[in-house]
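S.K.: So here's run35.csv (CSV, C-alpha atoms).
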```
chain,number,residue,atom,x,y,z
A,116,MET,CA,81.4,119.3,100.2
A,117,THR,CA,82.0,116.8,103.0
A,118,THR,CA,82.9,118.3,106.3
A,119,ARG,CA,85.5,116.6,108.5
A,120,ARG,CA,84.0,115.6,111.8
A,121,ARG,CA,86.7,114.2,114.0
A,122,ASP,CA,90.3,113.1,114.0
A,123,LEU,CA,91.9,110.5,116.4
A,124,ALA,CA,95.4,109.3,116.5
A,125,LEU,CA,97.3,106.5,118.2
A,126,MET,CA,101.0,105.6,118.1
A,127,VAL,CA,102.1,102.1,119.2
A,128,PRO,CA,105.4,100.3,119.1
A,129,GLY,CA,105.7,98.1,115.9
A,130,GLU,CA,105.2,94.9,117.9
A,131,ALA,CA,102.4,92.4,117.6
A,132,GLU,CA,101.4,92.6,121.2
A,133,TYR,CA,100.1,96.2,120.6
A,134,LEU,CA,97.8,95.3,117.7
A,135,CYS,CA,94.9,94.9,120.1
A,136,LEU,CA,95.1,98.6,121.0
A,137,VAL,CA,94.8,99.5,117.3
A,138,ARG,CA,91.8,97.2,116.8
A,139,ASP,CA,90.2,98.5,119.9
A,140,LEU,CA,90.5,102.1,118.7
A,141,VAL,CA,89.3,101.3,115.2
A,142,THR,CA,86.3,99.3,116.4
A,143,THR,CA,85.3,101.9,119.0
A,144,VAL,CA,85.5,104.8,116.5
A,145,ALA,CA,83.7,102.8,113.7
A,146,ARG,CA,80.9,102.0,116.1
A,147,LYS,CA,80.5,105.6,117.1
A,148,ALA,CA,80.4,106.5,113.3
A,149,GLY,CA,77.4,104.2,113.0
A,150,PHE,CA,78.8,101.2,111.2
A,151,PRO,CA,77.0,98.0,112.0
A,152,ASP,CA,78.9,95.2,113.8
A,153,CYS,CA,79.5,93.1,110.6
A,154,ARG,CA,81.1,96.0,108.8
A,155,ILE,CA,83.1,97.0,111.9
A,156,GLY,CA,84.6,93.6,111.7
A,157,GLU,CA,85.6,94.2,108.1
A,158,ILE,CA,87.4,97.4,108.9
A,159,GLU,CA,89.0,95.8,112.0
A,160,ILE,CA,90.5,92.9,110.2
A,161,ALA,CA,91.7,95.0,107.2
A,162,VAL,CA,93.5,97.5,109.6
A,163,ASP,CA,94.9,94.6,111.7
A,164,GLU,CA,96.3,92.8,108.6
A,165,ALA,CA,97.9,96.1,107.4
A,166,CYS,CA,99.6,96.7,110.8
A,167,ALA,CA,100.7,93.0,111.0
A,168,ASN,CA,102.2,93.4,107.6
A,169,ILE,CA,104.2,96.4,108.7
A,170,ILE,CA,105.6,94.4,111.7
A,171,GLU,CA,106.4,91.4,109.5
A,172,HIS,CA,107.6,93.0,106.3
A,173,ALA,CA,108.4,96.7,106.7
A,174,TYR,CA,110.1,96.3,110.1
A,175,GLY,CA,111.1,92.6,109.8
A,176,ARG,CA,110.0,89.9,112.1
A,177,ARG,CA,111.3,89.6,115.6
A,178,PRO,CA,111.1,86.1,117.3
A,179,PRO,CA,108.3,86.0,119.9
A,180,GLY,CA,109.6,87.0,123.3
A,181,GLU,CA,112.9,88.4,122.0
A,182,PRO,CA,113.4,92.0,123.0
A,183,HIS,CA,114.2,94.7,120.4
A,184,VAL,CA,117.8,95.9,120.1
A,185,GLY,CA,117.5,99.6,120.5
A,186,LYS,CA,114.3,101.6,120.3
A,187,PRO,CA,111.3,99.8,118.8
A,188,GLN,CA,109.9,101.3,115.7
A,189,ALA,CA,106.5,102.8,115.8
A,190,ILE,CA,103.2,102.5,113.9
A,191,ALA,CA,101.1,105.7,113.7
A,192,VAL,CA,97.4,105.2,113.1
A,193,ARG,CA,95.2,108.2,112.4
A,194,LEU,CA,91.5,107.9,112.0
A,195,ALA,CA,89.5,110.6,110.3
A,196,LEU,CA,85.8,110.4,110.7
A,197,PHE,CA,83.6,112.0,108.0
A,198,PRO,CA,79.8,112.0,107.9
A,199,ASP,CA,80.0,109.4,105.0
A,200,ARG,CA,83.1,107.4,105.7
A,201,ILE,CA,86.0,106.5,108.0
A,202,GLU,CA,89.6,106.9,106.8
A,203,VAL,CA,92.4,105.0,108.5
A,204,ARG,CA,95.9,106.3,107.8
A,205,ILE,CA,98.7,103.9,108.9
A,206,ARG,CA,102.3,105.2,108.8
A,207,ASP,CA,105.5,103.4,109.5
A,208,ARG,CA,109.2,104.2,109.0
A,209,GLY,CA,110.2,100.9,107.6
A,210,ARG,CA,111.3,99.8,104.1
A,211,CYS,CA,109.0,100.3,101.1
A,212,PHE,CA,106.2,97.8,101.4
A,213,PRO,CA,103.3,98.3,99.0
A,214,PRO,CA,100.4,96.0,99.9
A,215,GLU,CA,99.8,93.1,97.5
A,216,MET,CA,96.5,93.6,95.7
A,217,ALA,CA,95.0,90.2,95.5
A,218,SER,CA,91.6,91.0,94.0
A,219,SER,CA,90.1,87.5,94.2
A,220,LEU,CA,90.3,84.5,96.4
A,221,ASP,CA,89.2,81.0,95.6
A,222,ILE,CA,89.0,79.5,99.0
A,223,ALA,CA,88.5,76.0,97.8
A,224,GLU,CA,91.7,76.3,95.7
A,225,PHE,CA,93.5,77.9,98.7
A,226,ALA,CA,92.4,75.0,100.9
A,227,ALA,CA,93.5,72.4,98.4
A,228,SER,CA,96.9,74.1,98.0
A,229,GLY,CA,97.8,73.5,101.6
A,230,ARG,CA,99.0,77.1,101.9
A,231,ARG,CA,98.3,79.0,105.1
A,232,ARG,CA,99.3,82.5,104.0
A,233,GLY,CA,97.8,84.8,101.4
A,234,ILE,CA,94.4,85.6,102.7
A,235,GLY,CA,95.5,88.9,104.4
A,236,SER,CA,96.3,90.7,101.1
A,237,TYR,CA,92.8,89.8,99.8
A,238,ILE,CA,91.2,91.1,103.0
A,239,ILE,CA,93.0,94.5,102.8
A,240,ARG,CA,92.1,94.9,99.1
A,241,SER,CA,88.5,93.8,99.4
A,242,PHE,CA,87.1,94.6,102.9
A,243,VAL,CA,87.5,98.4,102.5
A,244,ASP,CA,86.3,100.6,99.7
A,245,GLU,CA,89.6,102.3,98.9
A,246,VAL,CA,93.3,101.5,99.5
A,247,HIS,CA,96.0,104.0,98.8
A,248,HIS,CA,99.8,103.5,99.4
A,249,SER,CA,102.7,105.9,99.2
A,250,TYR,CA,106.3,105.7,100.1
A,251,ARG,CA,108.8,108.4,100.7
A,252,PRO,CA,112.5,107.4,101.3
A,253,GLY,CA,113.5,108.4,104.8
A,254,ARG,CA,109.8,108.9,105.8
A,255,GLY,CA,108.4,105.4,105.3
A,256,ASN,CA,105.1,104.0,104.1
A,257,GLU,CA,101.7,105.5,104.4
A,258,LEU,CA,98.7,103.3,103.8
A,259,THR,CA,95.2,104.7,103.8
A,260,LEU,CA,92.1,102.5,104.0
A,261,VAL,CA,88.7,104.1,103.4
A,262,LYS,CA,85.3,102.6,104.2
A,263,TYR,CA,82.0,104.3,103.3
A,264,LEU,CA,78.9,104.0,105.4
A,265,ALA,CA,76.7,103.7,102.4
A,266,LYS,CA,78.9,101.2,100.5
A,267,GLY,CA,80.7,98.2,101.8
A,268,VAL,CA,80.2,95.4,99.3
A,269,PRO,CA,83.5,93.5,99.9
A,270,GLY,CA,85.2,92.7,96.7
A,271,GLY,CA,83.1,95.4,94.9
B,241,MET,CA,90.2,93.2,125.4
B,242,ARG,CA,90.6,89.6,126.5
B,243,GLU,CA,93.8,87.7,125.6
B,244,LEU,CA,93.7,84.3,124.2
B,245,SER,CA,92.5,81.4,126.3
B,246,ILE,CA,92.2,77.8,124.9
B,247,THR,CA,90.8,74.8,126.7
B,248,THR,CA,90.2,71.4,125.2
B,249,GLU,CA,87.9,68.5,126.1
B,250,ALA,CA,87.6,65.0,124.8
B,251,CYS,CA,84.0,64.1,124.0
B,252,ASP,CA,82.4,60.9,122.8
B,253,THR,CA,79.0,61.2,121.3
B,254,GLY,CA,77.6,57.8,120.2
B,255,GLY,CA,81.0,56.2,119.7
B,256,CYS,CA,82.3,59.2,117.8
B,257,PRO,CA,85.4,60.7,119.6
B,258,VAL,CA,85.6,64.4,119.2
B,259,ARG,CA,88.1,66.9,120.6
B,260,VAL,CA,86.3,70.1,121.5
B,261,VAL,CA,88.6,73.2,121.4
B,262,ARG,CA,87.1,76.2,123.2
B,263,VAL,CA,88.7,79.6,122.3
B,264,SER,CA,88.2,82.8,124.3
B,265,GLY,CA,89.6,86.2,123.5
B,266,TYR,CA,91.5,87.1,120.3
B,267,ILE,CA,93.8,85.3,117.9
B,268,ASP,CA,96.0,87.9,116.2
B,269,ALA,CA,99.7,88.0,115.2
B,270,HIS,CA,100.7,88.1,118.8
B,271,SER,CA,98.6,85.2,120.1
B,272,PHE,CA,98.7,83.1,116.9
B,273,PRO,CA,101.8,81.0,117.7
B,274,ARG,CA,100.1,79.7,120.8
B,275,PHE,CA,96.9,78.9,118.9
B,276,GLU,CA,98.9,77.2,116.1
B,277,ARG,CA,100.9,75.1,118.6
B,278,GLU,CA,97.7,73.9,120.4
B,279,ILE,CA,95.8,73.0,117.3
B,280,LEU,CA,98.8,71.3,115.6
B,281,THR,CA,99.6,69.3,118.7
B,282,LEU,CA,96.0,68.0,118.7
B,283,VAL,CA,96.1,67.0,115.1
B,284,ASN,CA,99.6,65.4,115.4
B,285,GLN,CA,98.2,63.4,118.3
B,286,GLY,CA,95.7,61.9,115.9
B,287,ASN,CA,92.6,63.9,116.8
B,288,ASN,CA,90.9,64.0,113.4
B,289,ARG,CA,87.5,65.2,114.6
B,290,LEU,CA,87.8,68.7,115.9
B,291,LEU,CA,85.0,71.0,117.1
B,292,LEU,CA,86.2,74.5,117.4
B,293,ASP,CA,83.9,76.5,119.8
B,294,LEU,CA,84.3,80.2,119.0
B,295,ARG,CA,81.4,81.4,121.1
B,296,ASN,CA,83.8,83.6,123.2
B,297,ALA,CA,86.3,84.4,120.5
B,298,THR,CA,86.5,88.1,119.7
B,299,TYR,CA,88.8,88.2,116.8
B,300,ILE,CA,90.6,85.9,114.3
B,301,CYS,CA,93.4,87.1,112.1
B,302,SER,CA,93.9,85.8,108.5
B,303,THR,CA,96.9,83.6,109.5
B,304,ALA,CA,94.7,81.7,111.9
B,305,LEU,CA,92.0,81.4,109.2
B,306,GLY,CA,94.7,80.0,106.9
B,307,LEU,CA,95.7,77.5,109.6
B,308,LEU,CA,92.1,76.4,109.9
B,309,MET,CA,91.9,75.8,106.2
B,310,SER,CA,95.1,73.8,106.3
B,311,VAL,CA,93.9,71.7,109.3
B,312,PHE,CA,90.5,71.2,107.7
B,313,ARG,CA,92.3,69.8,104.6
B,314,GLN,CA,94.5,67.5,106.8
B,315,VAL,CA,91.7,66.1,109.0
B,316,ARG,CA,89.4,65.5,105.9
B,317,HIS,CA,92.3,63.7,104.3
B,318,ASN,CA,92.4,61.4,107.4
B,319,ALA,CA,88.6,60.8,107.1
B,320,GLY,CA,87.9,63.2,109.9
B,321,ASP,CA,86.3,66.7,110.1
B,322,LEU,CA,86.7,70.2,111.5
B,323,VAL,CA,83.5,72.0,112.4
B,324,ILE,CA,82.8,75.3,114.2
B,325,ALA,CA,80.3,76.2,116.8
B,326,GLY,CA,79.0,79.5,118.2
B,327,MET,CA,80.6,82.1,116.0
B,328,SER,CA,79.7,85.7,116.6
B,329,GLU,CA,77.9,87.6,113.9
B,330,LYS,CA,81.1,89.5,113.2
B,331,ILE,CA,83.3,86.5,112.8
B,332,ALA,CA,80.6,84.6,110.8
B,333,ASN,CA,80.5,87.5,108.4
B,334,ILE,CA,84.2,87.2,107.7
B,335,PHE,CA,83.8,83.5,107.2
B,336,ASN,CA,81.0,84.1,104.7
B,337,LEU,CA,82.8,86.8,102.8
B,338,LEU,CA,85.9,84.7,102.4
B,339,GLY,CA,83.9,81.6,101.4
B,340,ILE,CA,85.2,79.6,104.3
B,341,SER,CA,81.6,78.8,105.4
B,342,LYS,CA,81.1,76.9,102.1
B,343,LEU,CA,83.8,74.5,103.2
B,344,ILE,CA,83.8,74.3,107.0
B,345,GLN,CA,80.4,73.6,108.6
B,346,ALA,CA,79.3,76.0,111.3
B,347,PHE,CA,76.7,75.3,114.0
B,348,PRO,CA,74.9,77.6,116.5
B,349,ASP,CA,76.3,75.6,119.5
B,350,GLU,CA,78.4,72.6,120.5
B,351,GLU,CA,75.5,70.3,121.0
B,352,GLU,CA,74.2,70.6,117.5
B,353,ALA,CA,77.8,70.3,116.1
B,354,LEU,CA,78.3,67.1,118.1
B,355,ARG,CA,75.0,65.7,116.9
B,356,CYS,CA,76.0,66.3,113.3
B,357,LEU,CA,79.5,64.8,113.7
B,358,ALA,CA,77.9,61.7,115.3
B,359,ALA,CA,75.4,61.4,112.6
B,360,ALA,CA,78.1,61.7,109.9
B,361,GLU,CA,80.1,59.0,111.7
B,362,ALA,CA,77.1,56.7,111.9
B,363,SER,CA,76.2,57.0,108.2
```
Show me the file's structure as structure tokens.
M.R.:
Amino acid sequence: MTTRRRDLALMVPGEAEYLCLVRDLVTTVARKAGFPDCRIGEIEIAVDEACANIIEHAYGRRPPGEPHVGKPQAIAVRLALFPDRIEVRIRDRGRCFPPEMASSLDIAEFAASGRRRGIGSYIIRSFVDEVHHSYRPGRGNELTLVKYLAKGVPGG
Amino acid sequence: MRELSITTEACDTGGCPVRVVRVSGYIDAHSFPRFEREILTLVNQGNNRLLLDLRNATYICSTALGLLMSVFRQVRHNAGDLVIAGMSEKIANIFNLLGISKLIQAFPDEEEALRCLAAAEAS
């Protein structure tokens, strides 16, 4: 049986300027867990994309520099560190927003299309080993990203 | 955590005009609009040979990667090029995993990138 080692939590306003705090926590904890730099970068970008999606889609986009009307909505990030893996649980109180599960990306085709968006969903799906999403009306979304120390073949 | 800083410099290596764009700090959803504005301004001014120096870049989000792919397509269409210099191992890994490194050439430093751009222009 795997024994839980450590839990860390962070709550930030659902605004893009606070994404750096989330990335900083995730990279610090992943480094302490023993992930090498390359794989820390994979967790970092997957979590960042997931949180950016919440801000854009679950909470709706606010024009840069324009203040919130009322209390800004929060993003809660909880990291659970196990001997064999890191689990990042991301919760929001926005509308239902299951992540798109793009399982493949043809970058040449993407470049030829002239599109700029769409890489993020592939990153979330492929740069961590497991992705779980749930939604409860009135409670919001919960997205869990799992990355194992011994795995980590993106796209695998 | 260092916020985004962008500086640009016009270089001319062997008659090959290149705009060097040096990025420090992170490009995420917060700082992306500024990065996009700077890059698109350069392209719209007719700078079709771009060298993006990422030596001091700490993070690049997917939207910025998408922008780079779009700009790469545009400058190539105009007989120019977009190359990258000085990526960290972490960012280089993301480029490799996404296949971007198959399209956009990357070099260890600016000097090597400029030499390559000049050689391509001469050939």
S.K.: In terms of the shortest atom-to-atom distance over only C-alpha atoms, which of A:Val144, A:Leu260, A:Ile201, A:Ala189 is closest to Asp163 of chain A?
M.R.: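 Going through A:Val144, A:Leu260, A:Ile201, A:Ala189 one by one, the smallest distance to Asp163 of chain A is for A:Leu260.
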S.K.: Can you work out which one of A:Ala167, A:Ala226, A:Ile158, A:Ala173 has the shortest atom-to-atom distance to Arg240 of chain A, counting all atoms listed in the file?
M.R.: A:Ile158
S.K.: Kindly give the distance, in Å, that separates atom CA of Arg262 of chain B and atom CA of Leu294 of chain B, rounded to a single decimal.
M.R.: 6.4 Å
S.K.: Residues near Leu343 of chain B, anyone? I mean within 12 Å using only C-alpha atoms, not counting same-chain ones fewer than 6 positions away, as a list in words.
M.R.: Asp221, Ile222, Ala223, Glu224, Phe225, Ala226 and Ala227 of chain A; Leu308, Met309, Ser310, Phe312, Arg313, Arg316, Asp321, Leu322, Val323, Ile324, Phe335 and Asn336 of chain B
S.K.: Could you write out as an mmCIF file with C-alpha atoms, in the frame of the given file the residues of chain A within 10 Å of chain B, counting all atoms listed in the file?
M.R.:
```cif
data_model
loop_
_atom_site.group_PDB
_atom_site.id
_atom_site.type_symbol
_atom_site.label_atom_id
_atom_site.label_comp_id
_atom_site.auth_asym_id
_atom_site.auth_seq_id
_atom_site.Cartn_x
_atom_site.Cartn_y
_atom_site.Cartn_z
ATOM 1 C CA GLU A 130 105.200 94.900 117.900
ATOM 2 C CA ALA A 131 102.400 92.400 117.600
ATOM 3 C CA GLU A 132 101.400 92.600 121.200
ATOM 4 C CA TYR A 133 100.100 96.200 120.600
ATOM 5 C CA LEU A 134 97.800 95.300 117.700
ATOM 6 C CA CYS A 135 94.900 94.900 120.100
ATOM 7 C CA LEU A 136 95.100 98.600 121.000
ATOM 8 C CA ARG A 138 91.800 97.200 116.800
ATOM 9 C CA ASP A 139 90.200 98.500 119.900
ATOM 10 C CA PRO A 151 77.000 98.000 112.000
ATOM 11 C CA ASP A 152 78.900 95.200 113.800
ATOM 12 C CA CYS A 153 79.500 93.100 110.600
ATOM 13 C CA ARG A 154 81.100 96.000 108.800
ATOM 14 C CA ILE A 155 83.100 97.000 111.900
ATOM 15 C CA GLY A 156 84.600 93.600 111.700
ATOM 16 C CA GLU A 157 85.600 94.200 108.100
ATOM 17 C CA GLU A 159 89.000 95.800 112.000
ATOM 18 C CA ILE A 160 90.500 92.900 110.200
ATOM 19 C CA ALA A 161 91.700 95.000 107.200
ATOM 20 C CA ASP A 163 94.900 94.600 111.700
ATOM 21 C CA GLU A 164 96.300 92.800 108.600
ATOM 22 C CA CYS A 166 99.600 96.700 110.800
ATOM 23 C CA ALA A 167 100.700 93.000 111.000
ATOM 24 C CA ASN A 168 102.200 93.400 107.600
ATOM 25 C CA ILE A 170 105.600 94.400 111.700
ATOM 26 C CA GLU A 171 106.400 91.400 109.500
ATOM 27 C CA PRO A 179 108.300 86.000 119.900
ATOM 28 C CA SER A 219 90.100 87.500 94.200
ATOM 29 C CA LEU A 220 90.300 84.500 96.400
ATOM 30 C CA ASP A 221 89.200 81.000 95.600
ATOM 31 C CA ILE A 222 89.000 79.500 99.000
ATOM 32 C CA ALA A 223 88.500 76.000 97.800
ATOM 33 C CA PHE A 225 93.500 77.900 98.700
ATOM 34 C CA ALA A 226 92.400 75.000 100.900
ATOM 35 C CA ALA A 227 93.500 72.400 98.400
ATOM 36 C CA SER A 228 96.900 74.100 98.000
ATOM 37 C CA GLY A 229 97.800 73.500 101.600
ATOM 38 C CA ARG A 230 99.000 77.100 101.900
ATOM 39 C CA ARG A 231 98.300 79.000 105.100
ATOM 40 C CA ARG A 232 99.300 82.500 104.000
ATOM 41 C CA GLY A 233 97.800 84.800 101.400
ATOM 42 C CA ILE A 234 94.400 85.600 102.700
ATOM 43 C CA GLY A 235 95.500 88.900 104.400
ATOM 44 C CA SER A 236 96.300 90.700 101.100
ATOM 45 C CA TYR A 237 92.800 89.800 99.800
ATOM 46 C CA ILE A 238 91.200 91.100 103.000
ATOM 47 C CA SER A 241 88.500 93.800 99.400
ATOM 48 C CA PHE A 242 87.100 94.600 102.900
ATOM 49 C CA VAL A 268 80.200 95.400 99.300
ATOM 50 C CA PRO A 269 83.500 93.500 99.900
ATOM 51 C CA GLY A 270 85.200 92.700 96.700
#
```
S.K.: Could you jot down the atom CA of Val263 of chain B to atom CA of Ser363 of chain B separation for me, Å, one decimal place?
M.R.: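 Separation between atom CA of Val263 of chain B and atom CA of Ser363 of chain B: 29.4 Å.
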S.K.: Just the number, please: distance in Å from atom CA of Glu351 of chain B to atom CA of Gly326 of chain B, one decimal.
M.R.: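 Atom CA of Glu351 of chain B sits 10.2 Å away from atom CA of Gly326 of chain B.
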S.K.: So which one's closest to Ile344 of chain B, B:Asn288, B:Ala325, B:Val283, B:Cys256? Using all atoms listed in the file, please.
M.R.: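 Answer, going by the shortest atom-to-atom distance: B:Ala325.
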S.K.: Could you name the residues that touch Arg251 of chain A at 12 Å or less, counting all atoms listed in the file, but leaving out those on the same chain fewer than 2 positions away, as a count of residues only?
M.R.: 16
S.K.: Using all atoms listed in the file for the distances, tell me which of A:Phe150, A:Tyr250, A:Tyr263, A:Phe197 is nearest to Pro214 of chain A.
M.R.: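 Smallest distance to Pro214 of chain A is found for A:Tyr250.
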S.K.: For Glu361 of chain B, please output as an mmCIF file with C-alpha atoms, in the frame of the given file all residues within 9 Å (counting all atoms listed in the file; exclusion window: fewer than 5 positions along the same chain).
M.R.:
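selection.cif, written as the output of this step:
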```cif
data_model
loop_
_atom_site.group_PDB
_atom_site.id
_atom_site.type_symbol
_atom_site.label_atom_id
_atom_site.label_comp_id
_atom_site.auth_asym_id
_atom_site.auth_seq_id
_atom_site.Cartn_x
_atom_site.Cartn_y
_atom_site.Cartn_z
ATOM 1 C CA GLY B 254 77.600 57.800 120.200
ATOM 2 C CA GLY B 255 81.000 56.200 119.700
ATOM 3 C CA CYS B 256 82.300 59.200 117.800
ATOM 4 C CA CYS B 356 76.000 66.300 113.300
#
```
S.K.: Need the shell around Val260 of chain B: protein/DNA/RNA residues with any atom at most 9 Å away, counting all atoms listed in the file. Skip same-chain ones fewer than 4 positions apart. Format as a ChimeraX atom specification?
M.R.: /B:247-251,289-293,350
S.K.: Using all atoms listed in the file, which residues sit within 8 Å of segment 126-128 of chain A once same-chain residues fewer than 2 positions away are excluded, as a list in words?
M.R.: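 The filter keeps Ala124, Glu130, Tyr133, Val137, Pro187, Gln188, Ala189, Ile190, Ala191 and Val192 of chain A.
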S.K.: Go ahead and write the residues just picked, C-alpha atoms, as an mmCIF file, keeping the file's coordinate frame.
M.R.:
```cif
data_model
loop_
_atom_site.group_PDB
_atom_site.id
_atom_site.type_symbol
_atom_site.label_atom_id
_atom_site.label_comp_id
_atom_site.auth_asym_id
_atom_site.auth_seq_id
_atom_site.Cartn_x
_atom_site.Cartn_y
_atom_site.Cartn_z
ATOM 1 C CA ALA A 124 95.400 109.300 116.500
ATOM 2 C CA GLU A 130 105.200 94.900 117.900
ATOM 3 C CA TYR A 133 100.100 96.200 120.600
ATOM 4 C CA VAL A 137 94.800 99.500 117.300
ATOM 5 C CA PRO A 187 111.300 99.800 118.800
ATOM 6 C CA GLN A 188 109.900 101.300 115.700
ATOM 7 C CA ALA A 189 106.500 102.800 115.800
ATOM 8 C CA ILE A 190 103.200 102.500 113.900
ATOM 9 C CA ALA A 191 101.100 105.700 113.700
ATOM 10 C CA VAL A 192 97.400 105.200 113.100
#
```
S.K.: Save segment 250-262 of chain A from what I just supplied, as a CSV table (one decimal), in the first residue's frame, atoms limited to N, CA, C and O atoms.
M.R.:
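Output below, filename decode.csv:
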```csv
chain,number,residue,atom,x,y,z
A,250,TYR,N,-17.6,17.1,-11.8
A,250,TYR,CA,-18.3,18.4,-11.6
A,250,TYR,C,-19.5,18.2,-10.7
A,250,TYR,O,-20.3,17.2,-10.9
A,251,ARG,N,-19.7,19.0,-9.7
A,251,ARG,CA,-20.9,18.9,-8.9
A,251,ARG,C,-21.6,20.3,-8.9
A,251,ARG,O,-20.9,21.3,-8.6
A,252,PRO,N,-22.8,20.3,-9.4
A,252,PRO,CA,-23.6,21.6,-9.4
A,252,PRO,C,-23.5,22.3,-8.1
A,252,PRO,O,-23.7,21.7,-7.0
A,253,GLY,N,-23.2,23.5,-8.1
A,253,GLY,CA,-23.1,24.3,-6.9
A,253,GLY,C,-21.7,24.2,-6.2
A,253,GLY,O,-21.4,25.0,-5.3
A,254,ARG,N,-20.9,23.2,-6.6
A,254,ARG,CA,-19.6,23.0,-6.0
A,254,ARG,C,-18.5,23.3,-7.0
A,254,ARG,O,-17.4,23.7,-6.6
A,255,GLY,N,-18.8,23.1,-8.3
A,255,GLY,CA,-17.8,23.4,-9.3
A,255,GLY,C,-17.0,22.2,-9.8
A,255,GLY,O,-17.4,21.1,-9.6
A,256,ASN,N,-15.9,22.5,-10.5
A,256,ASN,CA,-15.1,21.5,-11.1
A,256,ASN,C,-14.0,21.0,-10.2
A,256,ASN,O,-13.4,21.8,-9.4
A,257,GLU,N,-13.6,19.8,-10.4
A,257,GLU,CA,-12.4,19.3,-9.7
A,257,GLU,C,-11.6,18.5,-10.8
A,257,GLU,O,-12.1,17.5,-11.3
A,258,LEU,N,-10.4,19.0,-11.0
A,258,LEU,CA,-9.5,18.3,-12.0
A,258,LEU,C,-8.3,17.8,-11.3
A,258,LEU,O,-7.6,18.5,-10.6
A,259,THR,N,-8.1,16.5,-11.4
A,259,THR,CA,-6.9,15.9,-10.8
A,259,THR,C,-5.9,15.4,-11.8
A,259,THR,O,-6.2,14.7,-12.7
A,260,LEU,N,-4.7,15.9,-11.7
A,260,LEU,CA,-3.6,15.5,-12.6
A,260,LEU,C,-2.6,14.7,-11.8
A,260,LEU,O,-2.2,15.1,-10.7
A,261,VAL,N,-2.2,13.5,-12.3
A,261,VAL,CA,-1.3,12.6,-11.6
A,261,VAL,C,-0.1,12.4,-12.4
A,261,VAL,O,-0.2,12.1,-13.6
A,262,LYS,N,1.1,12.5,-11.8
A,262,LYS,CA,2.3,12.2,-12.5
A,262,LYS,C,3.2,11.3,-11.6
A,262,LYS,O,3.4,11.5,-10.5
```
